[in-house]
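Student: Below is the file model30.cif, with mmCIF, C-alpha atoms.
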```cif
data_final
loop_
_atom_site.label_atom_id
_atom_site.label_comp_id
_atom_site.auth_asym_id
_atom_site.auth_seq_id
_atom_site.Cartn_x
_atom_site.Cartn_y
_atom_site.Cartn_z
CA MET A 1 45.21 -3.91 -3.84
CA ARG A 2 43.75 -0.72 -2.39
CA ALA A 3 40.32 -0.99 -0.80
CA ALA A 4 37.94 0.88 1.48
CA ILE A 5 37.20 -0.83 4.78
CA VAL A 6 34.43 -0.08 7.28
CA GLU A 7 36.38 -1.08 10.38
CA ALA A 8 33.78 -0.31 13.05
CA PRO A 9 30.60 1.77 13.32
CA GLY A 10 31.49 5.29 12.14
CA LYS A 11 35.03 4.38 11.11
CA VAL A 12 36.08 3.92 7.47
CA SER A 13 39.52 4.01 5.88
CA VAL A 14 41.38 3.03 2.72
CA THR A 15 44.10 0.45 3.08
CA THR A 16 45.95 -2.33 1.27
CA VAL A 17 44.45 -5.83 1.29
CA PRO A 18 45.26 -9.05 -0.61
CA ASP A 19 44.05 -9.33 -4.19
CA PRO A 20 40.95 -11.53 -4.53
CA THR A 21 41.14 -15.02 -6.05
CA PRO A 22 38.19 -16.39 -8.01
CA GLY A 23 36.49 -19.66 -7.17
CA PRO A 24 35.60 -22.16 -9.91
CA ARG A 25 32.45 -20.25 -10.98
CA GLU A 26 33.65 -16.74 -10.13
CA VAL A 27 35.35 -13.89 -11.95
CA VAL A 28 37.65 -11.08 -10.84
CA VAL A 29 36.54 -7.63 -11.93
CA SER A 30 38.87 -4.65 -12.25
CA VAL A 31 36.52 -2.04 -10.83
CA ALA A 32 35.99 1.02 -13.02
CA SER A 33 33.54 2.80 -10.73
CA CYS A 34 31.66 2.14 -7.52
CA GLY A 35 28.64 4.16 -6.41
CA LEU A 36 27.67 5.20 -2.90
CA CYS A 37 24.11 4.97 -1.61
CA GLY A 38 22.05 5.09 1.57
CA THR A 39 22.79 1.45 2.32
CA ASP A 40 26.46 2.38 2.67
CA LEU A 41 25.54 4.87 5.39
CA HIS A 42 23.59 2.16 7.22
CA ILE A 43 26.60 -0.16 6.99
CA LEU A 44 28.77 2.63 8.37
CA GLN A 45 26.35 2.83 11.32
CA GLY A 46 26.78 -0.90 11.95
CA GLU A 47 23.46 -1.91 10.37
CA PHE A 48 22.83 -4.49 7.62
CA ALA A 49 26.28 -6.10 7.60
CA PRO A 50 26.32 -8.98 10.11
CA THR A 51 29.94 -8.38 11.04
CA LEU A 52 32.51 -5.65 10.72
CA PRO A 53 35.01 -5.00 9.26
CA ILE A 54 33.55 -5.18 5.74
CA LEU A 55 34.75 -4.01 2.34
CA PRO A 56 31.73 -2.02 1.07
CA GLY A 57 30.50 -1.21 -2.42
CA HIS A 58 27.48 -2.95 -3.95
CA GLU A 59 27.06 -0.65 -6.98
CA PHE A 60 29.95 -1.37 -9.32
CA ALA A 61 31.03 -2.29 -12.80
CA GLY A 62 34.31 -2.96 -14.52
CA GLU A 63 36.33 -5.26 -16.75
CA ILE A 64 36.97 -8.94 -16.13
CA VAL A 65 40.66 -9.63 -15.47
CA GLY A 66 40.46 -13.17 -14.11
CA ILE A 67 38.12 -16.16 -14.36
CA GLY A 68 37.62 -19.38 -12.42
CA ARG A 69 38.36 -22.74 -14.03
CA ASP A 70 34.67 -23.52 -14.74
CA VAL A 71 33.71 -20.15 -16.23
CA THR A 72 32.78 -20.35 -19.92
CA GLU A 73 30.11 -17.64 -20.29
CA LEU A 74 32.46 -14.68 -19.95
CA ALA A 75 36.08 -13.98 -20.81
CA VAL A 76 38.92 -11.75 -19.72
CA GLY A 77 38.35 -8.31 -21.22
CA ASP A 78 34.55 -8.38 -21.07
CA LYS A 79 32.91 -5.31 -19.57
CA VAL A 80 30.35 -6.22 -16.92
CA ALA A 81 28.01 -4.77 -14.35
CA VAL A 82 27.54 -6.86 -11.21
CA ASP A 83 24.28 -7.73 -9.48
CA PRO A 84 25.32 -7.83 -5.79
CA SER A 85 22.47 -10.12 -4.69
CA LEU A 86 23.48 -13.45 -3.13
CA HIS A 87 20.60 -15.84 -2.44
CA CYS A 88 20.68 -19.30 -0.88
CA HIS A 89 18.24 -20.80 -3.45
CA GLU A 90 17.07 -23.21 -0.72
CA CYS A 91 14.76 -21.38 1.69
CA ARG A 92 10.99 -21.07 1.18
CA TYR A 93 11.33 -17.54 -0.25
CA CYS A 94 14.01 -18.46 -2.78
CA ARG A 95 12.01 -21.52 -3.84
CA ALA A 96 8.98 -19.26 -4.33
CA GLY A 97 10.98 -16.90 -6.56
CA ARG A 98 11.35 -14.24 -3.85
CA GLY A 99 15.12 -14.35 -3.44
CA ASN A 100 15.31 -10.74 -2.25
CA LEU A 101 13.53 -11.97 0.91
CA CYS A 102 15.94 -14.89 1.34
CA ASP A 103 16.28 -16.16 4.92
CA ARG A 104 20.05 -16.17 4.37
CA TRP A 105 20.09 -12.94 2.37
CA ALA A 106 23.57 -11.68 1.55
CA ALA A 107 25.08 -9.25 -0.91
CA ILE A 108 28.43 -8.29 -2.35
CA GLY A 109 29.50 -5.09 -0.62
CA VAL A 110 27.06 -5.61 2.25
CA THR A 111 27.90 -8.99 3.78
CA GLU A 112 30.71 -10.02 1.42
CA PRO A 113 33.70 -7.98 0.13
CA GLY A 114 32.48 -5.42 -2.39
CA GLY A 115 33.50 -3.09 -5.15
CA ALA A 116 35.00 -0.15 -3.26
CA ALA A 117 38.38 -1.54 -4.24
CA GLU A 118 40.67 -1.96 -7.20
CA PHE A 119 39.39 -5.51 -7.75
CA ALA A 120 36.29 -7.44 -6.73
CA VAL A 121 35.24 -11.07 -7.04
CA ALA A 122 31.73 -12.08 -8.10
CA PRO A 123 29.84 -15.21 -9.21
CA VAL A 124 29.69 -15.39 -12.99
CA ALA A 125 25.90 -15.70 -12.72
CA ASN A 126 25.78 -12.20 -11.19
CA CYS A 127 27.62 -10.54 -14.06
CA VAL A 128 25.87 -8.90 -17.00
CA ARG A 129 27.99 -8.29 -20.07
CA LEU A 130 27.76 -4.69 -21.29
CA PRO A 131 27.58 -3.60 -24.93
CA ASP A 132 30.54 -1.78 -26.45
CA HIS A 133 28.88 1.64 -26.49
CA ILE A 134 28.51 1.74 -22.68
CA ASP A 135 31.20 3.61 -20.75
CA VAL A 136 31.88 1.18 -17.92
CA LYS A 137 32.61 4.11 -15.59
CA ASP A 138 28.93 5.07 -15.88
CA ALA A 139 27.61 1.54 -15.40
CA ALA A 140 27.63 1.71 -11.58
CA LEU A 141 24.21 3.32 -12.14
CA ILE A 142 22.74 -0.01 -13.25
CA GLU A 143 22.41 -1.43 -9.74
CA PRO A 144 20.34 1.45 -8.31
CA LEU A 145 18.32 1.47 -11.53
CA SER A 146 17.57 -2.23 -10.99
CA CYS A 147 16.23 -1.35 -7.53
CA ALA A 148 13.99 1.28 -9.11
CA VAL A 149 12.75 -1.25 -11.68
CA ARG A 150 11.91 -3.61 -8.82
CA GLY A 151 10.05 -0.76 -7.13
CA TYR A 152 7.88 -0.31 -10.18
CA ASP A 153 7.28 -4.06 -10.33
CA VAL A 154 5.90 -3.86 -6.78
CA LEU A 155 3.99 -0.68 -7.51
CA ASN A 156 2.38 -2.30 -10.56
CA SER A 157 1.92 1.19 -11.97
CA SER A 158 0.42 0.05 -15.25
CA THR A 159 -2.56 2.40 -14.91
CA LEU A 160 -2.29 4.94 -17.71
CA GLY A 161 -2.84 8.53 -16.67
CA ALA A 162 -1.91 8.09 -13.01
CA ASN A 163 -0.75 11.02 -10.86
CA VAL A 164 2.52 10.27 -9.08
CA LEU A 165 4.14 12.03 -6.10
CA ILE A 166 7.77 11.29 -5.21
CA TYR A 167 9.40 12.33 -1.94
CA GLY A 168 13.10 12.97 -2.51
CA SER A 169 15.02 14.02 -5.61
CA GLY A 170 18.27 12.28 -4.90
CA THR A 171 19.48 9.54 -7.23
CA MET A 172 16.67 7.11 -6.43
CA GLY A 173 13.89 9.69 -6.57
CA LEU A 174 15.17 10.88 -9.94
CA MET A 175 15.33 7.32 -11.24
CA MET A 176 11.74 6.76 -10.09
CA LEU A 177 10.86 9.94 -11.99
CA GLU A 178 12.42 8.64 -15.18
CA LEU A 179 10.57 5.33 -14.91
CA ALA A 180 7.26 7.03 -14.04
CA LYS A 181 7.53 9.06 -17.24
CA ARG A 182 7.83 5.80 -19.17
CA THR A 183 4.97 3.95 -17.48
CA GLY A 184 2.21 6.23 -18.64
CA ALA A 185 1.94 8.68 -15.74
CA ALA A 186 -0.13 11.79 -16.44
CA SER A 187 1.91 13.79 -13.95
CA VAL A 188 4.98 13.24 -11.77
CA ASP A 189 5.52 15.70 -8.91
CA ILE A 190 8.68 15.73 -6.77
CA LEU A 191 9.34 17.07 -3.29
CA ASP A 192 12.68 17.90 -1.70
CA ILE A 193 14.05 20.46 0.73
CA ASN A 194 17.29 20.62 -1.30
CA PRO A 195 16.79 23.29 -4.02
CA ASP A 196 19.72 22.04 -6.11
CA ARG A 197 18.24 18.55 -6.30
CA LEU A 198 14.83 19.97 -7.10
CA ALA A 199 16.39 21.89 -9.96
CA THR A 200 17.70 18.62 -11.39
CA ALA A 201 14.20 17.11 -11.17
CA SER A 202 12.93 20.03 -13.21
CA VAL A 203 15.67 19.52 -15.79
CA LEU A 204 14.59 15.88 -16.11
CA GLY A 205 11.00 16.91 -16.75
CA CYS A 206 8.99 16.48 -13.58
CA SER A 207 5.53 18.05 -13.72
CA ARG A 208 5.93 20.15 -10.58
CA SER A 209 8.50 20.47 -7.81
CA ALA A 210 8.22 21.87 -4.30
CA ALA A 211 9.69 21.72 -0.82
CA GLY A 212 6.45 20.29 0.56
CA ALA A 213 3.23 18.72 -0.70
CA GLY A 214 1.23 21.56 0.83
CA GLU A 215 2.59 23.85 -1.89
CA LEU A 216 0.90 21.75 -4.60
CA GLU A 217 -2.79 21.59 -5.36
CA GLN A 218 -3.95 18.01 -5.88
CA PRO A 219 -7.58 17.55 -4.84
CA GLY A 220 -8.14 14.01 -3.65
CA GLY A 221 -4.43 13.20 -3.48
CA TRP A 222 -2.10 11.21 -5.73
CA ASP A 223 -2.66 7.73 -7.17
CA PHE A 224 0.88 6.64 -6.39
CA VAL A 225 2.98 8.12 -3.60
CA ILE A 226 6.61 7.01 -3.42
CA ASP A 227 8.95 7.73 -0.53
CA ALA A 228 12.55 7.74 -1.73
CA THR A 229 13.96 9.38 1.42
CA GLY A 230 13.55 7.01 4.37
CA ASN A 231 12.81 10.13 6.40
CA ALA A 232 10.14 9.70 9.09
CA GLY A 233 8.53 13.07 8.43
CA ALA A 234 8.33 12.49 4.69
CA ILE A 235 6.89 9.02 5.18
CA GLN A 236 4.24 10.24 7.60
CA ASP A 237 3.24 13.06 5.30
CA GLY A 238 3.18 10.83 2.26
CA LEU A 239 0.83 8.33 3.87
CA GLY A 240 -1.74 11.10 4.11
CA ARG A 241 -1.39 12.14 0.45
CA VAL A 242 -2.58 8.89 -1.15
CA ALA A 243 -5.82 9.13 -3.14
CA LYS A 244 -8.69 6.68 -2.73
CA GLY A 245 -7.72 3.36 -4.23
CA GLY A 246 -4.10 4.55 -4.41
CA THR A 247 -0.80 3.04 -3.35
CA PHE A 248 2.00 4.18 -1.05
CA LEU A 249 5.41 2.65 -1.81
CA GLN A 250 8.10 2.64 0.85
CA PHE A 251 11.17 2.71 -1.36
CA GLY A 252 13.65 4.74 0.69
CA VAL A 253 15.70 2.91 3.33
CA ALA A 254 14.72 4.13 6.79
CA ASP A 255 16.67 3.65 10.01
CA TYR A 256 15.65 0.58 11.99
CA ALA A 257 13.98 2.70 14.66
CA THR A 258 11.86 4.81 12.26
CA THR A 259 8.10 4.54 12.85
CA ALA A 260 4.97 6.00 11.28
CA VAL A 261 1.30 6.09 12.25
CA ILE A 262 -1.33 4.62 9.95
CA GLU A 263 -5.10 5.08 9.94
CA PRO A 264 -6.60 1.58 9.65
CA TYR A 265 -10.15 2.77 8.96
CA ARG A 266 -8.98 5.02 6.11
CA ILE A 267 -6.94 2.20 4.64
CA TYR A 268 -9.99 -0.06 4.77
CA ASN A 269 -12.57 2.49 3.69
CA GLN A 270 -10.54 3.97 0.83
CA GLU A 271 -8.87 0.72 -0.25
CA ILE A 272 -5.38 2.15 0.12
CA THR A 273 -2.40 -0.12 -0.45
CA ILE A 274 0.81 0.29 1.56
CA THR A 275 3.73 -1.73 0.27
CA GLY A 276 7.53 -1.88 0.18
CA SER A 277 10.30 -2.74 -2.25
CA MET A 278 13.43 -4.57 -1.14
CA ALA A 279 16.53 -4.30 -3.32
CA VAL A 280 16.76 -6.27 -6.57
CA LEU A 281 14.56 -9.11 -7.83
CA HIS A 282 14.58 -10.34 -11.45
CA SER A 283 15.27 -6.74 -12.44
CA TYR A 284 19.02 -6.42 -12.97
CA GLU A 285 19.13 -7.58 -16.58
CA ARG A 286 16.16 -5.37 -17.46
CA ALA A 287 17.87 -2.41 -15.80
CA ALA A 288 21.03 -3.09 -17.81
CA ALA A 289 18.96 -3.17 -21.01
CA LEU A 290 17.21 0.08 -20.08
CA PHE A 291 20.55 1.69 -19.28
CA ALA A 292 21.98 0.57 -22.62
CA SER A 293 18.95 2.13 -24.34
CA GLY A 294 19.74 5.51 -22.78
CA VAL A 295 16.99 5.72 -20.17
CA LEU A 296 19.38 7.68 -17.92
CA ASP A 297 21.80 10.47 -18.72
CA PRO A 298 24.93 9.66 -16.65
CA SER A 299 26.13 13.26 -16.91
CA VAL A 300 23.03 14.33 -15.00
CA PHE A 301 22.92 11.51 -12.48
CA ILE A 302 26.61 11.30 -11.56
CA SER A 303 27.57 14.56 -9.89
CA ASP A 304 30.90 13.60 -8.30
CA ARG A 305 33.73 11.27 -9.30
CA LEU A 306 36.42 10.84 -6.66
CA PRO A 307 39.49 8.59 -6.53
CA LEU A 308 39.19 5.51 -4.33
CA ASP A 309 41.68 6.91 -1.81
CA GLN A 310 39.11 9.64 -1.07
CA TYR A 311 36.38 7.16 -0.11
CA PRO A 312 36.03 8.60 3.42
CA GLU A 313 35.58 12.09 1.93
CA ALA A 314 33.05 10.69 -0.56
CA ILE A 315 31.06 9.19 2.32
CA ASP A 316 31.12 12.52 4.18
CA ARG A 317 29.95 14.35 1.07
CA PHE A 318 27.13 11.88 0.54
CA LYS A 319 26.11 12.01 4.21
CA ALA A 320 25.88 15.80 3.97
CA GLY A 321 23.41 15.51 1.07
CA GLN A 322 25.77 17.05 -1.45
CA GLY A 323 25.39 16.24 -5.12
CA ARG A 324 23.48 13.32 -6.59
CA LYS A 325 25.20 10.02 -7.32
CA ILE A 326 28.76 10.00 -6.00
CA VAL A 327 31.12 7.38 -7.38
CA VAL A 328 34.67 6.43 -6.52
CA GLU A 329 37.04 5.32 -9.27
CA PRO A 330 40.07 3.18 -8.39
#
```
Would you encode the structure as structure tokens?

Tutor:
Amino acid sequence: MRAAIVEAPGKVSVTTVPDPTPGPREVVVSVASCGLCGTDLHILQGEFAPTLPILPGHEFAGEIVGIGRDVTELAVGDKVAVDPSLHCHECRYCRAGRGNLCDRWAAIGVTEPGGAAEFAVAPVANCVRLPDHIDVKDAALIEPLSCAVRGYDVLNSSTLGANVLIYGSGTMGLMMLELAKRTGAASVDILDINPDRLATASVLGCSRSAAGAGELEQPGGWDFVIDATGNAGAIQDGLGRVAKGGTFLQFGVADYATTAVIEPYRIYNQEITITGSMAVLHSYERAAALFASGVLDPSVFISDRLPLDQYPEAIDRFKAGQGRKIVVEP
């Protein structure tokens, strides 16, 4: 089969590799689409994945074409989206229900061969069957949506009438916007230096959009500030925009070396919460249900569809900040 391979830091190519074979409780998925995200750029830099080479692609969906001998829940021909999370179920975090913090954390497309290929293998427990009305080529959006759902679980944004500020109007920032609109926010403002992405945020119904928070009047700050960029400057600025009693969510994936300065007295005196959200946790099935209900418009979120053989070009396009969600289709 054809597959993308990150061979070494900064080096990715598309080549031919053996077809995958399912284990007893695994299935083989014929990949319909595979999305690119910031994690893929980190993997390309040699971060996250413990060893290279690796076959990337943790956002994917497709049709089952093979099943292991002990698989009874799904059948050949079923359309599925795949939760890439692989937890040990043995460490203290897994036993406490915090598998996303697993001491042996792994993921399809990050530490194990992923979906940037014609076929991918996955545990049957990680597969969510999709209803007939879903176009499986759009369903690569379910994995990032499940990360956004987890972000809102952490944020606990159940306060009706909250004012929300989101840094970044890429795929994840826009998904956070869509969820904020459905969790009772009074206003959702979005910041980005990319005017095309800001225009999309406006199309999706953000309250206000700007290149910087200084362009917006918000006396006292915002109740919830979400960084969806991983950019040091955005993070630092966002920490200073949180209202008294508010929460700052680090949602974007920053480089390992990124740092920010906090003001301990302000955090204490104003009861500010600073928290983070790591990948997927008990949120994939809910994201699939939300997606099936039409919470996202794939025609807005997916800006580019490229053939698998153009995976290196897709990575370059994503790295340059072009478009929104970029998917490759084998």

Student: Check what the PyMOL selection byres ((chain A and resi 223) around 6) selects in the file above and give those residues as a PyMOL selection string.

Tutor: chain A and resi 162-163+222+224+243+246

Student: Tell me which residues the PyMOL selection byres ((chain A and resi 3) around 10) grabs here, as a PyMOL selection string.

Tutor: chain A and resi 1-2+4-5+13-19+55-57+113-120+308-309+311+330

Student: Which residues, named as in the file, does the PyMOL selection byres ((chain A and resi 261-271) around 10) pick out? Answer as JSON, numbers by chain.

Tutor: {"A": [235, 236, 239, 240, 242, 243, 244, 245, 246, 247, 259, 260, 272, 273, 274]}

Student: Would you mind reading off the distance between atom CA of Glu313 of chain A and atom CA of Val6 of chain A, one decimal, in Å?

Tutor: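 Atom CA of Val6 of chain A lies at a distance of 13.3 Å from atom CA of Glu313 of chain A.
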
Student: Determine, using all atoms listed in the file, which residues of segment 56-86 of chain A have any atom at most 9 Å from an atom of segment 25-38 of chain A, and tabulate each with its shortest atom pair and distance in Å to one decimal place, rows ordered by chain and then rising number, as JSON lines.

Tutor:
```
{"residue": "A:Gly57", "atom": "CA", "partner": "A:Cys34", "partner_atom": "CA", "distance": 6.2}
{"residue": "A:His58", "atom": "CA", "partner": "A:Cys34", "partner_atom": "CA", "distance": 7.5}
{"residue": "A:Glu59", "atom": "CA", "partner": "A:Gly35", "partner_atom": "CA", "distance": 5.1}
{"residue": "A:Phe60", "atom": "CA", "partner": "A:Cys34", "partner_atom": "CA", "distance": 4.3}
{"residue": "A:Ala61", "atom": "CA", "partner": "A:Val31", "partner_atom": "CA", "distance": 5.8}
{"residue": "A:Gly62", "atom": "CA", "partner": "A:Val31", "partner_atom": "CA", "distance": 4.4}
{"residue": "A:Glu63", "atom": "CA", "partner": "A:Ser30", "partner_atom": "CA", "distance": 5.2}
{"residue": "A:Ile64", "atom": "CA", "partner": "A:Val29", "partner_atom": "CA", "distance": 4.4}
{"residue": "A:Val65", "atom": "CA", "partner": "A:Val28", "partner_atom": "CA", "distance": 5.7}
{"residue": "A:Gly66", "atom": "CA", "partner": "A:Val28", "partner_atom": "CA", "distance": 4.8}
{"residue": "A:Ile67", "atom": "CA", "partner": "A:Val27", "partner_atom": "CA", "distance": 4.3}
{"residue": "A:Gly68", "atom": "CA", "partner": "A:Glu26", "partner_atom": "CA", "distance": 5.3}
{"residue": "A:Arg69", "atom": "CA", "partner": "A:Arg25", "partner_atom": "CA", "distance": 7.1}
{"residue": "A:Asp70", "atom": "CA", "partner": "A:Arg25", "partner_atom": "CA", "distance": 5.5}
{"residue": "A:Val71", "atom": "CA", "partner": "A:Arg25", "partner_atom": "CA", "distance": 5.4}
{"residue": "A:Thr72", "atom": "CA", "partner": "A:Arg25", "partner_atom": "CA", "distance": 8.9}
{"residue": "A:Leu74", "atom": "CA", "partner": "A:Val27", "partner_atom": "CA", "distance": 8.5}
{"residue": "A:Ala75", "atom": "CA", "partner": "A:Val27", "partner_atom": "CA", "distance": 8.9}
{"residue": "A:Val76", "atom": "CA", "partner": "A:Val27", "partner_atom": "CA", "distance": 8.8}
{"residue": "A:Lys79", "atom": "CA", "partner": "A:Val29", "partner_atom": "CA", "distance": 8.8}
{"residue": "A:Val80", "atom": "CA", "partner": "A:Val29", "partner_atom": "CA", "distance": 8.1}
```

Student: Enter the distance from atom CA of Leu204 of chain A to atom CA of Thr39 of chain A, in Å, rounded to one decimal.

Tutor: 24.8 Å

Student: Do you know which residues are at most 8 Å from Gln310 of chain A counting all atoms listed in the file, after dropping those on the same chain fewer than 4 positions away, and could you put them as a CSV table (one decimal) with C-alpha atoms, in the coordinates of the input?

Tutor:
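Dumped everything to around-v9.csv:
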```csv
chain,number,residue,atom,x,y,z
A,14,VAL,CA,41.4,3.0,2.7
A,306,LEU,CA,36.4,10.8,-6.7
A,314,ALA,CA,33.0,10.7,-0.6
A,328,VAL,CA,34.7,6.4,-6.5
```

Student: Return the single residue from A:Ala254, A:Ile108, A:Val12, A:Val327 that is closest to Arg305 of chain A, with distances computed using all atoms listed in the file.

Tutor: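 The answer is A:Val327, which sits nearest to Arg305 of chain A.
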
Student: Figure out the distance between atom CA of Ala185 of chain A and atom CA of Leu160 of chain A, please, to one decimal in Å.

Tutor: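 Atom CA of Ala185 of chain A lies at a distance of 6.0 Å from atom CA of Leu160 of chain A.
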
Student: Taking (11.7, 5.5, 5.4) in the file's coordinates, which residues come within 12 Å, counting only C-alpha atoms, written as a PDB file with C-alpha atoms, in the frame of the given file?

Tutor:
```
ATOM      1  CA  GLY A  38      22.050   5.090   1.570  1.00  0.00           C
ATOM      2  CA  TYR A 167       9.400  12.330  -1.940  1.00  0.00           C
ATOM      3  CA  GLY A 168      13.100  12.970  -2.510  1.00  0.00           C
ATOM      4  CA  ILE A 226       6.610   7.010  -3.420  1.00  0.00           C
ATOM      5  CA  ASP A 227       8.950   7.730  -0.530  1.00  0.00           C
ATOM      6  CA  ALA A 228      12.550   7.740  -1.730  1.00  0.00           C
ATOM      7  CA  THR A 229      13.960   9.380   1.420  1.00  0.00           C
ATOM      8  CA  GLY A 230      13.550   7.010   4.370  1.00  0.00           C
ATOM      9  CA  ASN A 231      12.810  10.130   6.400  1.00  0.00           C
ATOM     10  CA  ALA A 232      10.140   9.700   9.090  1.00  0.00           C
ATOM     11  CA  GLY A 233       8.530  13.070   8.430  1.00  0.00           C
ATOM     12  CA  ALA A 234       8.330  12.490   4.690  1.00  0.00           C
ATOM     13  CA  ILE A 235       6.890   9.020   5.180  1.00  0.00           C
ATOM     14  CA  GLN A 236       4.240  10.240   7.600  1.00  0.00           C
ATOM     15  CA  ASP A 237       3.240  13.060   5.300  1.00  0.00           C
ATOM     16  CA  GLY A 238       3.180  10.830   2.260  1.00  0.00           C
ATOM     17  CA  LEU A 239       0.830   8.330   3.870  1.00  0.00           C
ATOM     18  CA  PHE A 248       2.000   4.180  -1.050  1.00  0.00           C
ATOM     19  CA  LEU A 249       5.410   2.650  -1.810  1.00  0.00           C
ATOM     20  CA  GLN A 250       8.100   2.640   0.850  1.00  0.00           C
ATOM     21  CA  PHE A 251      11.170   2.710  -1.360  1.00  0.00           C
ATOM     22  CA  GLY A 252      13.650   4.740   0.690  1.00  0.00           C
ATOM     23  CA  VAL A 253      15.700   2.910   3.330  1.00  0.00           C
ATOM     24  CA  ALA A 254      14.720   4.130   6.790  1.00  0.00           C
ATOM     25  CA  ASP A 255      16.670   3.650  10.010  1.00  0.00           C
ATOM     26  CA  TYR A 256      15.650   0.580  11.990  1.00  0.00           C
ATOM     27  CA  ALA A 257      13.980   2.700  14.660  1.00  0.00           C
ATOM     28  CA  THR A 258      11.860   4.810  12.260  1.00  0.00           C
ATOM     29  CA  THR A 259       8.100   4.540  12.850  1.00  0.00           C
ATOM     30  CA  ALA A 260       4.970   6.000  11.280  1.00  0.00           C
ATOM     31  CA  THR A 275       3.730  -1.730   0.270  1.00  0.00           C
ATOM     32  CA  GLY A 276       7.530  -1.880   0.180  1.00  0.00           C
ATOM     33  CA  SER A 277      10.300  -2.740  -2.250  1.00  0.00           C
TER      34      SER A 277
END
```

Student: Counting only C-alpha atoms, which of A:Cys102, A:Ala180, A:Ile326, A:Leu41 gets nearest to Gly151 of chain A?

Tutor: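 Nearest to Gly151 of chain A: A:Ala180.
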
Student: Please provide as a VMD selection string all residues within 9 Å of Trp105 of chain A, with the sequence filter that same-chain residues fewer than 2 positions apart are discarded (counting only C-alpha atoms).

Tutor: chain A and resid 85 to 88 99 to 103 107 111

Student: Using only C-alpha atoms, which of the listed residues (A:Pro131, A:Gly323, A:Pro298, A:Gly10) sits closest to Pro195 of chain A?

Tutor: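 Under the stated criterion, the closest residue is A:Gly323.
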
Student: May I have the centre and edge lengths, in Å to one decimal, of an axis-aligned box around the listed atoms of segment 54-70 of chain A with 8 Å added to every side, as JSON?

Tutor:
```
{"center_x": 33.9, "center_y": -12.1, "center_z": -5.5, "size_x": 29.6, "size_y": 38.9, "size_z": 38.5}
```

Student: Per residue of segment 152-205 of chain A within 12 Å of segment 282-290 of chain A, record the nearest atom pair and its distance in Å to one decimal, counting only C-alpha atoms, with rows in chain order and ascending residue number, as JSON lines.

Tutor:
```
{"residue": "A:Tyr152", "atom": "CA", "partner": "A:Ser283", "partner_atom": "CA", "distance": 10.1}
{"residue": "A:Asp153", "atom": "CA", "partner": "A:Ser283", "partner_atom": "CA", "distance": 8.7}
{"residue": "A:Val154", "atom": "CA", "partner": "A:Ser283", "partner_atom": "CA", "distance": 11.3}
{"residue": "A:Met175", "atom": "CA", "partner": "A:Ala287", "partner_atom": "CA", "distance": 11.0}
{"residue": "A:Glu178", "atom": "CA", "partner": "A:Leu290", "partner_atom": "CA", "distance": 11.0}
{"residue": "A:Leu179", "atom": "CA", "partner": "A:Leu290", "partner_atom": "CA", "distance": 9.9}
{"residue": "A:Arg182", "atom": "CA", "partner": "A:Leu290", "partner_atom": "CA", "distance": 11.0}
```

Student: Grab the residues selected above and save them as a CSV table (one decimal), in the frame of the given file with C-alpha atoms.

Tutor:
```csv
chain,number,residue,atom,x,y,z
A,152,TYR,CA,7.9,-0.3,-10.2
A,153,ASP,CA,7.3,-4.1,-10.3
A,154,VAL,CA,5.9,-3.9,-6.8
A,175,MET,CA,15.3,7.3,-11.2
A,178,GLU,CA,12.4,8.6,-15.2
A,179,LEU,CA,10.6,5.3,-14.9
A,182,ARG,CA,7.8,5.8,-19.2
```

Student: Kindly extract all protein, DNA and RNA residues lying within 6 Å of the coordinates (10.7, 16.3, -5.0) given in the file, considering all atoms listed in the file, and supply them as a list in words.

Tutor: Ile166, Tyr167, Gly168, Ser169, Ile190, Leu191, Asp192, Leu198 and Ser209 of chain A

Student: Can you spit out the residues from that selection as a PDB file, in the coordinates of the input, using C-alpha atoms?

Tutor:
```pdb
ATOM      1  CA  ILE A 166       7.770  11.290  -5.210  1.00  0.00           C
ATOM      2  CA  TYR A 167       9.400  12.330  -1.940  1.00  0.00           C
ATOM      3  CA  GLY A 168      13.100  12.970  -2.510  1.00  0.00           C
ATOM      4  CA  SER A 169      15.020  14.020  -5.610  1.00  0.00           C
ATOM      5  CA  ILE A 190       8.680  15.730  -6.770  1.00  0.00           C
ATOM      6  CA  LEU A 191       9.340  17.070  -3.290  1.00  0.00           C
ATOM      7  CA  ASP A 192      12.680  17.900  -1.700  1.00  0.00           C
ATOM      8  CA  LEU A 198      14.830  19.970  -7.100  1.00  0.00           C
ATOM      9  CA  SER A 209       8.500  20.470  -7.810  1.00  0.00           C
TER      10      SER A 209
END
```

Student: For Arg98 of chain A, list every protein, DNA or RNA residue within 9 Å, evaluated using only C-alpha atoms, and leave out those in the same chain fewer than 5 positions away; present the list as a PyMOL selection string.

Tutor: chain A and resi 92-93+281
